[in-house]
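Student: Contents of target_2.cif (mmCIF, N, CA and C atoms) are given next:
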```cif
data_start
#
loop_
_atom_site.label_atom_id
_atom_site.label_comp_id
_atom_site.auth_asym_id
_atom_site.auth_seq_id
_atom_site.Cartn_x
_atom_site.Cartn_y
_atom_site.Cartn_z
N MET A 773 28.89 9.30 -7.79
CA MET A 773 28.35 8.17 -7.04
C MET A 773 27.11 8.56 -6.23
N PRO A 774 27.05 9.75 -5.57
CA PRO A 774 25.83 10.11 -4.87
C PRO A 774 24.62 10.20 -5.80
N GLU A 775 24.83 10.62 -7.07
CA GLU A 775 23.71 10.69 -8.00
C GLU A 775 23.13 9.30 -8.24
N ARG A 776 24.01 8.30 -8.36
CA ARG A 776 23.56 6.94 -8.61
C ARG A 776 22.78 6.40 -7.41
N ALA A 777 23.21 6.72 -6.20
CA ALA A 777 22.49 6.28 -5.00
C ALA A 777 21.11 6.93 -4.96
N ALA A 778 21.04 8.21 -5.35
CA ALA A 778 19.75 8.90 -5.35
C ALA A 778 18.79 8.28 -6.35
N GLU A 779 19.30 7.75 -7.46
CA GLU A 779 18.45 7.12 -8.46
C GLU A 779 17.80 5.86 -7.91
N ARG A 780 18.36 5.25 -6.90
CA ARG A 780 17.85 4.00 -6.34
C ARG A 780 16.78 4.22 -5.28
N ARG A 781 16.51 5.46 -4.93
CA ARG A 781 15.49 5.74 -3.92
C ARG A 781 14.13 5.32 -4.43
N THR A 782 13.27 4.92 -3.54
CA THR A 782 11.98 4.37 -3.92
C THR A 782 11.04 5.40 -4.54
N GLY A 783 11.23 6.68 -4.26
CA GLY A 783 10.34 7.71 -4.78
C GLY A 783 10.78 8.31 -6.09
N ARG A 784 11.75 7.74 -6.75
CA ARG A 784 12.27 8.27 -8.01
C ARG A 784 11.85 7.38 -9.18
N GLY A 785 11.84 7.94 -10.39
CA GLY A 785 11.51 7.17 -11.58
C GLY A 785 10.13 6.56 -11.48
N PHE A 786 10.03 5.26 -11.72
CA PHE A 786 8.75 4.55 -11.62
C PHE A 786 8.15 4.72 -10.22
N GLY A 787 9.01 4.89 -9.23
CA GLY A 787 8.54 5.08 -7.86
C GLY A 787 7.61 6.28 -7.70
N ARG A 788 7.81 7.30 -8.52
CA ARG A 788 6.92 8.47 -8.47
C ARG A 788 5.51 8.09 -8.89
N VAL A 789 5.40 7.26 -9.91
CA VAL A 789 4.09 6.78 -10.34
C VAL A 789 3.47 5.95 -9.22
N LEU A 790 4.26 5.07 -8.63
CA LEU A 790 3.78 4.22 -7.54
C LEU A 790 3.32 5.06 -6.35
N VAL A 791 4.10 6.05 -5.98
CA VAL A 791 3.72 6.94 -4.87
C VAL A 791 2.44 7.69 -5.20
N THR A 792 2.30 8.12 -6.44
CA THR A 792 1.08 8.84 -6.85
C THR A 792 -0.14 7.94 -6.72
N VAL A 793 -0.04 6.70 -7.18
CA VAL A 793 -1.18 5.77 -7.08
C VAL A 793 -1.49 5.49 -5.62
N TYR A 794 -0.45 5.28 -4.81
CA TYR A 794 -0.67 5.07 -3.37
C TYR A 794 -1.34 6.29 -2.75
N GLY A 795 -0.91 7.47 -3.14
CA GLY A 795 -1.49 8.70 -2.60
C GLY A 795 -2.96 8.83 -2.95
N ILE A 796 -3.32 8.52 -4.18
CA ILE A 796 -4.73 8.58 -4.60
C ILE A 796 -5.55 7.57 -3.82
N LEU A 797 -5.03 6.35 -3.69
CA LEU A 797 -5.75 5.32 -2.94
C LEU A 797 -5.85 5.69 -1.46
N ALA A 798 -4.80 6.27 -0.91
CA ALA A 798 -4.83 6.72 0.49
C ALA A 798 -5.92 7.77 0.68
N PHE A 799 -5.97 8.74 -0.24
CA PHE A 799 -6.98 9.79 -0.16
C PHE A 799 -8.39 9.21 -0.24
N ALA A 800 -8.61 8.30 -1.19
CA ALA A 800 -9.93 7.68 -1.35
C ALA A 800 -10.31 6.84 -0.13
N ALA A 801 -9.39 6.03 0.35
CA ALA A 801 -9.68 5.16 1.50
C ALA A 801 -9.88 5.97 2.77
N LEU A 802 -9.10 7.04 2.92
CA LEU A 802 -9.24 7.89 4.10
C LEU A 802 -10.59 8.61 4.09
N GLY A 803 -10.99 9.10 2.93
CA GLY A 803 -12.30 9.75 2.82
C GLY A 803 -13.43 8.78 3.13
N ARG A 804 -13.35 7.61 2.55
CA ARG A 804 -14.38 6.60 2.76
C ARG A 804 -14.45 6.20 4.23
N SER A 805 -13.30 5.87 4.81
CA SER A 805 -13.31 5.38 6.19
C SER A 805 -13.71 6.47 7.17
N SER A 806 -13.34 7.70 6.91
CA SER A 806 -13.74 8.82 7.80
C SER A 806 -15.25 8.96 7.82
N TYR A 807 -15.85 8.93 6.65
CA TYR A 807 -17.31 9.01 6.55
C TYR A 807 -17.96 7.84 7.28
N GLU A 808 -17.46 6.63 7.02
CA GLU A 808 -18.05 5.45 7.64
C GLU A 808 -17.92 5.47 9.16
N LEU A 809 -16.78 5.92 9.66
CA LEU A 809 -16.60 5.97 11.11
C LEU A 809 -17.55 6.97 11.77
N VAL A 810 -17.73 8.11 11.13
CA VAL A 810 -18.56 9.16 11.73
C VAL A 810 -20.04 8.87 11.57
N VAL A 811 -20.45 8.40 10.41
CA VAL A 811 -21.88 8.29 10.10
C VAL A 811 -22.45 6.89 10.30
N LYS A 812 -21.68 5.85 9.98
CA LYS A 812 -22.24 4.51 9.90
C LYS A 812 -21.57 3.47 10.79
N PHE A 813 -20.71 3.87 11.70
CA PHE A 813 -19.91 2.91 12.45
C PHE A 813 -20.75 1.83 13.13
N GLY A 814 -21.86 2.18 13.73
CA GLY A 814 -22.70 1.23 14.45
C GLY A 814 -23.28 0.13 13.56
N GLU A 815 -23.37 0.36 12.26
CA GLU A 815 -23.95 -0.62 11.35
C GLU A 815 -23.02 -1.81 11.09
N ALA A 816 -21.73 -1.55 11.00
CA ALA A 816 -20.77 -2.63 10.69
C ALA A 816 -19.39 -2.23 11.21
N PRO A 817 -19.18 -2.28 12.51
CA PRO A 817 -17.92 -1.80 13.08
C PRO A 817 -16.68 -2.53 12.58
N VAL A 818 -16.78 -3.82 12.32
CA VAL A 818 -15.61 -4.57 11.84
C VAL A 818 -15.22 -4.09 10.45
N ALA A 819 -16.19 -3.97 9.56
CA ALA A 819 -15.90 -3.52 8.20
C ALA A 819 -15.30 -2.12 8.20
N TYR A 820 -15.86 -1.24 8.99
CA TYR A 820 -15.40 0.15 8.97
C TYR A 820 -14.05 0.31 9.68
N THR A 821 -13.79 -0.55 10.63
CA THR A 821 -12.47 -0.56 11.26
C THR A 821 -11.42 -1.07 10.27
N LEU A 822 -11.77 -2.09 9.50
CA LEU A 822 -10.85 -2.60 8.48
C LEU A 822 -10.57 -1.55 7.41
N SER A 823 -11.60 -0.80 7.01
CA SER A 823 -11.40 0.27 6.03
C SER A 823 -10.49 1.36 6.59
N THR A 824 -10.61 1.64 7.88
CA THR A 824 -9.74 2.64 8.52
C THR A 824 -8.30 2.12 8.59
N LEU A 825 -8.14 0.83 8.90
CA LEU A 825 -6.81 0.22 8.91
C LEU A 825 -6.19 0.30 7.51
N ALA A 826 -6.98 -0.02 6.49
CA ALA A 826 -6.47 0.06 5.11
C ALA A 826 -6.05 1.48 4.78
N ALA A 827 -6.84 2.45 5.16
CA ALA A 827 -6.49 3.86 4.90
C ALA A 827 -5.18 4.23 5.58
N ALA A 828 -5.02 3.82 6.83
CA ALA A 828 -3.78 4.12 7.57
C ALA A 828 -2.58 3.46 6.89
N VAL A 829 -2.74 2.23 6.45
CA VAL A 829 -1.67 1.52 5.75
C VAL A 829 -1.29 2.27 4.48
N TYR A 830 -2.28 2.71 3.72
CA TYR A 830 -2.00 3.44 2.47
C TYR A 830 -1.30 4.77 2.73
N VAL A 831 -1.71 5.47 3.77
CA VAL A 831 -1.08 6.76 4.09
C VAL A 831 0.38 6.55 4.47
N VAL A 832 0.64 5.61 5.37
CA VAL A 832 2.02 5.35 5.81
C VAL A 832 2.86 4.83 4.65
N ALA A 833 2.31 3.92 3.86
CA ALA A 833 3.05 3.37 2.71
C ALA A 833 3.39 4.48 1.71
N THR A 834 2.47 5.41 1.50
CA THR A 834 2.73 6.52 0.58
C THR A 834 3.93 7.32 1.03
N PHE A 835 3.96 7.71 2.30
CA PHE A 835 5.08 8.49 2.81
C PHE A 835 6.37 7.67 2.81
N ALA A 836 6.27 6.41 3.21
CA ALA A 836 7.47 5.57 3.27
C ALA A 836 8.10 5.39 1.89
N LEU A 837 7.28 5.16 0.89
CA LEU A 837 7.80 5.00 -0.46
C LEU A 837 8.32 6.32 -1.03
N ALA A 838 7.66 7.42 -0.68
CA ALA A 838 8.09 8.73 -1.19
C ALA A 838 9.43 9.14 -0.59
N ILE A 839 9.63 8.89 0.69
CA ILE A 839 10.86 9.32 1.37
C ILE A 839 12.01 8.37 1.03
N GLY A 840 11.80 7.09 1.20
CA GLY A 840 12.74 6.08 0.74
C GLY A 840 14.08 5.96 1.43
N THR A 841 14.27 6.61 2.57
CA THR A 841 15.52 6.44 3.31
C THR A 841 15.54 5.04 3.92
N PRO A 842 16.68 4.57 4.42
CA PRO A 842 16.71 3.20 4.96
C PRO A 842 15.64 2.92 6.02
N ALA A 843 15.42 3.82 6.94
CA ALA A 843 14.39 3.59 7.97
C ALA A 843 13.00 3.56 7.35
N TRP A 844 12.75 4.45 6.40
CA TRP A 844 11.45 4.47 5.75
C TRP A 844 11.26 3.27 4.83
N ARG A 845 12.36 2.73 4.31
CA ARG A 845 12.28 1.50 3.50
C ARG A 845 11.75 0.35 4.34
N VAL A 846 12.25 0.24 5.56
CA VAL A 846 11.76 -0.82 6.47
C VAL A 846 10.27 -0.62 6.70
N THR A 847 9.87 0.62 6.95
CA THR A 847 8.46 0.92 7.14
C THR A 847 7.65 0.55 5.90
N ALA A 848 8.19 0.85 4.72
CA ALA A 848 7.50 0.51 3.48
C ALA A 848 7.34 -1.00 3.34
N TRP A 849 8.41 -1.76 3.62
CA TRP A 849 8.32 -3.22 3.54
C TRP A 849 7.21 -3.74 4.47
N ILE A 850 7.14 -3.19 5.67
CA ILE A 850 6.15 -3.65 6.65
C ILE A 850 4.74 -3.28 6.20
N THR A 851 4.53 -2.01 5.82
CA THR A 851 3.18 -1.58 5.47
C THR A 851 2.69 -2.21 4.16
N VAL A 852 3.55 -2.29 3.18
CA VAL A 852 3.14 -2.89 1.90
C VAL A 852 2.92 -4.40 2.08
N GLY A 853 3.75 -5.03 2.89
CA GLY A 853 3.55 -6.45 3.20
C GLY A 853 2.24 -6.68 3.94
N LEU A 854 1.95 -5.82 4.92
CA LEU A 854 0.68 -5.90 5.66
C LEU A 854 -0.50 -5.68 4.71
N GLU A 855 -0.34 -4.75 3.79
CA GLU A 855 -1.38 -4.51 2.79
C GLU A 855 -1.64 -5.76 1.95
N ALA A 856 -0.59 -6.42 1.49
CA ALA A 856 -0.74 -7.63 0.68
C ALA A 856 -1.48 -8.72 1.45
N VAL A 857 -1.06 -8.94 2.70
CA VAL A 857 -1.72 -9.96 3.53
C VAL A 857 -3.17 -9.56 3.79
N GLY A 858 -3.40 -8.29 4.07
CA GLY A 858 -4.75 -7.82 4.36
C GLY A 858 -5.70 -7.98 3.19
N VAL A 859 -5.28 -7.55 2.01
CA VAL A 859 -6.18 -7.61 0.86
C VAL A 859 -6.45 -9.06 0.45
N VAL A 860 -5.47 -9.93 0.57
CA VAL A 860 -5.69 -11.34 0.22
C VAL A 860 -6.60 -12.00 1.27
N THR A 861 -6.34 -11.75 2.53
CA THR A 861 -7.15 -12.35 3.60
C THR A 861 -8.59 -11.85 3.57
N VAL A 862 -8.75 -10.52 3.59
CA VAL A 862 -10.10 -9.95 3.58
C VAL A 862 -10.82 -10.30 2.28
N GLY A 863 -10.09 -10.27 1.16
CA GLY A 863 -10.69 -10.64 -0.12
C GLY A 863 -11.21 -12.06 -0.12
N ALA A 864 -10.40 -12.98 0.38
CA ALA A 864 -10.81 -14.39 0.42
C ALA A 864 -11.99 -14.60 1.36
N LEU A 865 -11.93 -13.99 2.55
CA LEU A 865 -13.03 -14.14 3.50
C LEU A 865 -14.33 -13.55 2.95
N SER A 866 -14.23 -12.42 2.27
CA SER A 866 -15.44 -11.78 1.74
C SER A 866 -16.02 -12.55 0.56
N LEU A 867 -15.19 -13.26 -0.17
CA LEU A 867 -15.72 -14.09 -1.25
C LEU A 867 -16.34 -15.37 -0.69
N ALA A 868 -15.76 -15.91 0.37
CA ALA A 868 -16.30 -17.12 0.99
C ALA A 868 -17.66 -16.85 1.63
N ASP A 869 -17.82 -15.66 2.22
CA ASP A 869 -19.07 -15.28 2.88
C ASP A 869 -19.24 -13.78 2.70
N ALA A 870 -20.11 -13.39 1.78
CA ALA A 870 -20.28 -11.97 1.43
C ALA A 870 -20.68 -11.11 2.64
N GLY A 871 -21.31 -11.69 3.63
CA GLY A 871 -21.76 -10.91 4.78
C GLY A 871 -20.84 -11.00 5.99
N VAL A 872 -19.65 -11.55 5.81
CA VAL A 872 -18.75 -11.79 6.94
C VAL A 872 -18.41 -10.52 7.71
N PHE A 873 -18.31 -9.39 7.04
CA PHE A 873 -17.96 -8.14 7.72
C PHE A 873 -19.15 -7.21 7.88
N GLY A 874 -20.31 -7.61 7.41
CA GLY A 874 -21.49 -6.77 7.55
C GLY A 874 -21.65 -5.81 6.37
N GLU A 875 -20.59 -5.19 5.96
CA GLU A 875 -20.55 -4.27 4.82
C GLU A 875 -19.24 -4.49 4.10
N SER A 876 -19.10 -3.92 2.92
CA SER A 876 -17.85 -4.08 2.19
C SER A 876 -16.78 -3.17 2.77
N THR A 877 -15.54 -3.57 2.59
CA THR A 877 -14.39 -2.79 3.02
C THR A 877 -13.57 -2.43 1.77
N VAL A 878 -12.53 -1.65 1.95
CA VAL A 878 -11.64 -1.33 0.84
C VAL A 878 -11.08 -2.61 0.23
N TRP A 879 -10.80 -3.60 1.06
CA TRP A 879 -10.18 -4.83 0.59
C TRP A 879 -11.17 -5.94 0.25
N SER A 880 -12.47 -5.73 0.45
CA SER A 880 -13.47 -6.76 0.13
C SER A 880 -13.42 -7.11 -1.35
N GLY A 881 -13.63 -8.38 -1.63
CA GLY A 881 -13.60 -8.84 -3.01
C GLY A 881 -12.29 -8.51 -3.70
N PHE A 882 -11.21 -8.52 -2.93
CA PHE A 882 -9.87 -8.21 -3.43
C PHE A 882 -9.78 -6.80 -4.02
N GLY A 883 -10.55 -5.87 -3.43
CA GLY A 883 -10.51 -4.49 -3.89
C GLY A 883 -11.38 -4.22 -5.10
N GLN A 884 -12.40 -5.04 -5.29
CA GLN A 884 -13.28 -4.92 -6.46
C GLN A 884 -13.87 -3.52 -6.59
N GLY A 885 -14.25 -2.91 -5.49
CA GLY A 885 -14.85 -1.58 -5.52
C GLY A 885 -13.87 -0.49 -5.96
N TYR A 886 -12.59 -0.81 -5.99
CA TYR A 886 -11.55 0.13 -6.41
C TYR A 886 -10.84 -0.37 -7.66
N GLY A 887 -11.55 -1.16 -8.47
CA GLY A 887 -10.98 -1.65 -9.72
C GLY A 887 -9.83 -2.63 -9.53
N TYR A 888 -9.83 -3.34 -8.43
CA TYR A 888 -8.79 -4.33 -8.08
C TYR A 888 -7.40 -3.71 -7.88
N VAL A 889 -7.34 -2.40 -7.84
CA VAL A 889 -6.05 -1.74 -7.57
C VAL A 889 -5.49 -2.19 -6.22
N PRO A 890 -6.32 -2.32 -5.16
CA PRO A 890 -5.77 -2.79 -3.88
C PRO A 890 -5.16 -4.19 -3.93
N LEU A 891 -5.55 -5.01 -4.90
CA LEU A 891 -4.96 -6.34 -5.04
C LEU A 891 -3.62 -6.28 -5.76
N VAL A 892 -3.52 -5.48 -6.78
CA VAL A 892 -2.31 -5.41 -7.60
C VAL A 892 -1.23 -4.55 -6.94
N LEU A 893 -1.64 -3.44 -6.35
CA LEU A 893 -0.69 -2.45 -5.84
C LEU A 893 0.35 -2.97 -4.85
N PRO A 894 -0.03 -3.78 -3.85
CA PRO A 894 1.02 -4.21 -2.91
C PRO A 894 2.08 -5.09 -3.56
N PHE A 895 1.70 -5.87 -4.54
CA PHE A 895 2.68 -6.74 -5.20
C PHE A 895 3.61 -5.92 -6.11
N VAL A 896 3.06 -4.89 -6.72
CA VAL A 896 3.92 -3.96 -7.47
C VAL A 896 4.84 -3.23 -6.50
N GLY A 897 4.29 -2.82 -5.36
CA GLY A 897 5.10 -2.13 -4.34
C GLY A 897 6.21 -3.00 -3.79
N LEU A 898 5.91 -4.26 -3.51
CA LEU A 898 6.94 -5.18 -3.01
C LEU A 898 8.01 -5.42 -4.06
N TRP A 899 7.59 -5.56 -5.32
CA TRP A 899 8.55 -5.72 -6.42
C TRP A 899 9.46 -4.49 -6.51
N TRP A 900 8.88 -3.30 -6.40
CA TRP A 900 9.67 -2.07 -6.50
C TRP A 900 10.66 -1.96 -5.33
N LEU A 901 10.22 -2.28 -4.15
CA LEU A 901 11.12 -2.26 -2.99
C LEU A 901 12.26 -3.25 -3.19
N TRP A 902 11.95 -4.44 -3.66
CA TRP A 902 12.98 -5.45 -3.91
C TRP A 902 13.94 -4.97 -4.99
N ARG A 903 13.39 -4.44 -6.08
CA ARG A 903 14.21 -4.00 -7.20
C ARG A 903 15.14 -2.87 -6.80
N THR A 904 14.63 -1.89 -6.09
CA THR A 904 15.48 -0.76 -5.71
C THR A 904 16.47 -1.13 -4.62
N SER A 905 16.11 -2.02 -3.71
CA SER A 905 17.07 -2.42 -2.69
C SER A 905 18.15 -3.30 -3.28
N ARG A 906 17.79 -4.12 -4.25
CA ARG A 906 18.76 -4.96 -4.92
C ARG A 906 19.76 -4.09 -5.68
N SER A 907 19.28 -3.09 -6.37
CA SER A 907 20.15 -2.18 -7.11
C SER A 907 21.09 -1.43 -6.16
N ALA A 908 20.54 -0.99 -5.04
CA ALA A 908 21.34 -0.24 -4.07
C ALA A 908 22.42 -1.13 -3.47
N SER A 909 22.09 -2.38 -3.15
CA SER A 909 23.08 -3.27 -2.56
C SER A 909 24.14 -3.67 -3.58
N GLU A 910 23.74 -3.85 -4.84
CA GLU A 910 24.72 -4.15 -5.88
C GLU A 910 25.69 -2.99 -6.06
N GLU A 911 25.18 -1.77 -5.94
CA GLU A 911 26.04 -0.60 -6.08
C GLU A 911 27.05 -0.52 -4.94
N ARG A 912 26.63 -0.90 -3.73
CA ARG A 912 27.55 -0.85 -2.58
C ARG A 912 28.72 -1.82 -2.77
N THR A 913 28.46 -2.95 -3.43
CA THR A 913 29.53 -3.94 -3.62
C THR A 913 30.42 -3.60 -4.82
N ALA A 914 29.94 -2.70 -5.68
CA ALA A 914 30.73 -2.32 -6.88
C ALA A 914 31.82 -1.33 -6.54
#
```
Represent the supplied structure as structure tokens.
Tutor:
Amino acid sequence: MPERAAERRTGRGFGRVLVTVYGILAFAALGRSSYELVVKFGEAPVAYTLSTLAAAVYVVATFALAIGTPAWRVTAWITVGLEAVGVVTVGALSLADAGVFGESTVWSGFGQGYGYVPLVLPFVGLWWLWRTSRSASEERTA
């Protein structure tokens, strides 16, 4: 029975692929936002602050999904949910007015600069959290 519970953790199976993609995006967003904060912050502080927020969300989501314990699952639900709201909101605002943030952010144009991965990833992440929590709860009742 403990083996079956371990299989339901978010960082196992398909979750490893998800964690890897989150890790790559976290690394890319963190590098981008660090550069922007140090070198270009005065040019577009809102855009660069949003990029830093996105990087922080990706870093925390990566760890939360990788660890997958109950407390980290809650953290994953919050960060991945925040990511979904952020990318949809920032994406819509940036399409309505291309200059709204002064410069592009990780989430501008629904993540166009990152191949739309920022748009797809949170919904895949939310699906994975739902799927693994559903499996875990079904196992508890069995």
Student: Which value, in Å to one decimal, gives the distance between atom N of Phe813 (chain A) and atom N of Ala833 (chain A)?
Tutor: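 A separation of 24.3 Å between them.
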Student: Determine, using all atoms listed in the file, which residues of region 832-909 of chain A have any atom at most 8 Å from an atom of region 794-810 of chain A, and tabulate each with its shortest atom pair and distance in Å to one decimal place, rows ordered by chain and then rising number, as JSON lines.
Tutor:
```
{"residue": "A:Val832", "atom": "N", "partner": "A:Ala798", "partner_atom": "CA", "distance": 7.4}
{"residue": "A:Ala833", "atom": "C", "partner": "A:Tyr794", "partner_atom": "CA", "distance": 6.5}
{"residue": "A:Thr834", "atom": "CA", "partner": "A:Tyr794", "partner_atom": "C", "distance": 5.3}
{"residue": "A:Phe835", "atom": "N", "partner": "A:Gly795", "partner_atom": "N", "distance": 7.3}
{"residue": "A:Val878", "atom": "CA", "partner": "A:Ala801", "partner_atom": "CA", "distance": 6.8}
{"residue": "A:Pro890", "atom": "N", "partner": "A:Leu797", "partner_atom": "CA", "distance": 8.0}
{"residue": "A:Leu893", "atom": "CA", "partner": "A:Tyr794", "partner_atom": "N", "distance": 7.8}
```
Student: I'd like to see the residues matched by the PyMOL selection byres ((chain A and resi 873) around 7) on this file, and ideally I'd get them as JSON, numbers by chain.
Tutor: {"A": [816, 817, 818, 819, 820, 866, 869, 870, 871, 872, 874, 875, 876]}
Student: Given the selection you just returned, output its residues as a file containing N, CA and C atoms, formatted as a PDB file, in the frame of the given file.
Tutor:
```
ATOM      1  N   ALA A 816     -21.730  -1.550  11.000  1.00  0.00           N
ATOM      2  CA  ALA A 816     -20.770  -2.630  10.690  1.00  0.00           C
ATOM      3  C   ALA A 816     -19.390  -2.230  11.210  1.00  0.00           C
ATOM      4  N   PRO A 817     -19.180  -2.280  12.510  1.00  0.00           N
ATOM      5  CA  PRO A 817     -17.920  -1.800  13.080  1.00  0.00           C
ATOM      6  C   PRO A 817     -16.680  -2.530  12.580  1.00  0.00           C
ATOM      7  N   VAL A 818     -16.780  -3.820  12.320  1.00  0.00           N
ATOM      8  CA  VAL A 818     -15.610  -4.570  11.840  1.00  0.00           C
ATOM      9  C   VAL A 818     -15.220  -4.090  10.450  1.00  0.00           C
ATOM     10  N   ALA A 819     -16.190  -3.970   9.560  1.00  0.00           N
ATOM     11  CA  ALA A 819     -15.900  -3.520   8.200  1.00  0.00           C
ATOM     12  C   ALA A 819     -15.300  -2.120   8.200  1.00  0.00           C
ATOM     13  N   TYR A 820     -15.860  -1.240   8.990  1.00  0.00           N
ATOM     14  CA  TYR A 820     -15.400   0.150   8.970  1.00  0.00           C
ATOM     15  C   TYR A 820     -14.050   0.310   9.680  1.00  0.00           C
ATOM     16  N   SER A 866     -14.230 -12.420   2.270  1.00  0.00           N
ATOM     17  CA  SER A 866     -15.440 -11.780   1.740  1.00  0.00           C
ATOM     18  C   SER A 866     -16.020 -12.550   0.560  1.00  0.00           C
ATOM     19  N   ASP A 869     -17.820 -15.660   2.220  1.00  0.00           N
ATOM     20  CA  ASP A 869     -19.070 -15.280   2.880  1.00  0.00           C
ATOM     21  C   ASP A 869     -19.240 -13.780   2.700  1.00  0.00           C
ATOM     22  N   ALA A 870     -20.110 -13.390   1.780  1.00  0.00           N
ATOM     23  CA  ALA A 870     -20.280 -11.970   1.430  1.00  0.00           C
ATOM     24  C   ALA A 870     -20.680 -11.110   2.640  1.00  0.00           C
ATOM     25  N   GLY A 871     -21.310 -11.690   3.630  1.00  0.00           N
ATOM     26  CA  GLY A 871     -21.760 -10.910   4.780  1.00  0.00           C
ATOM     27  C   GLY A 871     -20.840 -11.000   5.990  1.00  0.00           C
ATOM     28  N   VAL A 872     -19.650 -11.550   5.810  1.00  0.00           N
ATOM     29  CA  VAL A 872     -18.750 -11.790   6.940  1.00  0.00           C
ATOM     30  C   VAL A 872     -18.410 -10.520   7.710  1.00  0.00           C
ATOM     31  N   GLY A 874     -20.310  -7.610   7.410  1.00  0.00           N
ATOM     32  CA  GLY A 874     -21.490  -6.770   7.550  1.00  0.00           C
ATOM     33  C   GLY A 874     -21.650  -5.810   6.370  1.00  0.00           C
ATOM     34  N   GLU A 875     -20.590  -5.190   5.960  1.00  0.00           N
ATOM     35  CA  GLU A 875     -20.550  -4.270   4.820  1.00  0.00           C
ATOM     36  C   GLU A 875     -19.240  -4.490   4.100  1.00  0.00           C
ATOM     37  N   SER A 876     -19.100  -3.920   2.920  1.00  0.00           N
ATOM     38  CA  SER A 876     -17.850  -4.080   2.190  1.00  0.00           C
ATOM     39  C   SER A 876     -16.780  -3.170   2.770  1.00  0.00           C
TER      40      SER A 876
END
```
Student: Identify all residues of chain A in helix (DSSP H, G or I) (DSSP on the backbone) and supply them as a PyMOL selection string.
Tutor: chain A and resi 774-779+786-815+817-839+842-868+880-882+884-886+889-913
Student: When you draw a straight line from CA of Arg784 (chain A) to CA of Phe882 (chain A), how long is it in Å?
Tutor: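 Going from CA of Arg784 (chain A) over to CA of Phe882 (chain A) covers 28.0 Å.
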Student: For a quick check of understanding, using all atoms listed in the file, which of A:Tyr888, A:Trp902, A:Phe895, A:Trp879 has the smallest distance to Thr861 (chain A)?
Tutor: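 Once distances to Thr861 (chain A) are computed over all atoms listed in the file, the minimum belongs to A:Trp879.
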Student: Hey, what comes out of the PyMOL selection byres (((chain A and resi 836 and name CA) around 9) and name CA) on this file? Could you write it as a ChimeraX atom specification?
Tutor: /A:782-783,831-835,837-841,843-849,851
Student: How many Å separate CA of Ala827 (chain A) from atom N of Glu815 (chain A)?
Tutor: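 Going from CA of Ala827 (chain A) over to atom N of Glu815 (chain A), I get 18.7 Å.
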Student: Nearest residue to Thr821 (chain A) out of A:Thr904, A:Trp899, A:Gly885, A:Thr877, using only N, CA and C atoms?
Tutor: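 Looking only at the distances to Thr821 (chain A), the closest residue turns out to be A:Thr877.
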Student: Near Val857 (chain A), within 12 Å and counting only C-alpha atoms, which residues show up once chain neighbours fewer than 2 positions away are dropped, as a ChimeraX atom specification?
Tutor: /A:826,829,850-855,859-864,879,882,890-891,894-895,898
Student: How big is the axis-aligned box around all listed atoms of region 812-822 of chain A once 5 Å goes on each side, and where's its centre, in Å to one decimal, as JSON?
Tutor:
```
{"center_x": -17.3, "center_y": 0.6, "center_z": 10.9, "size_x": 23.4, "size_y": 20.4, "size_z": 17.0}
```
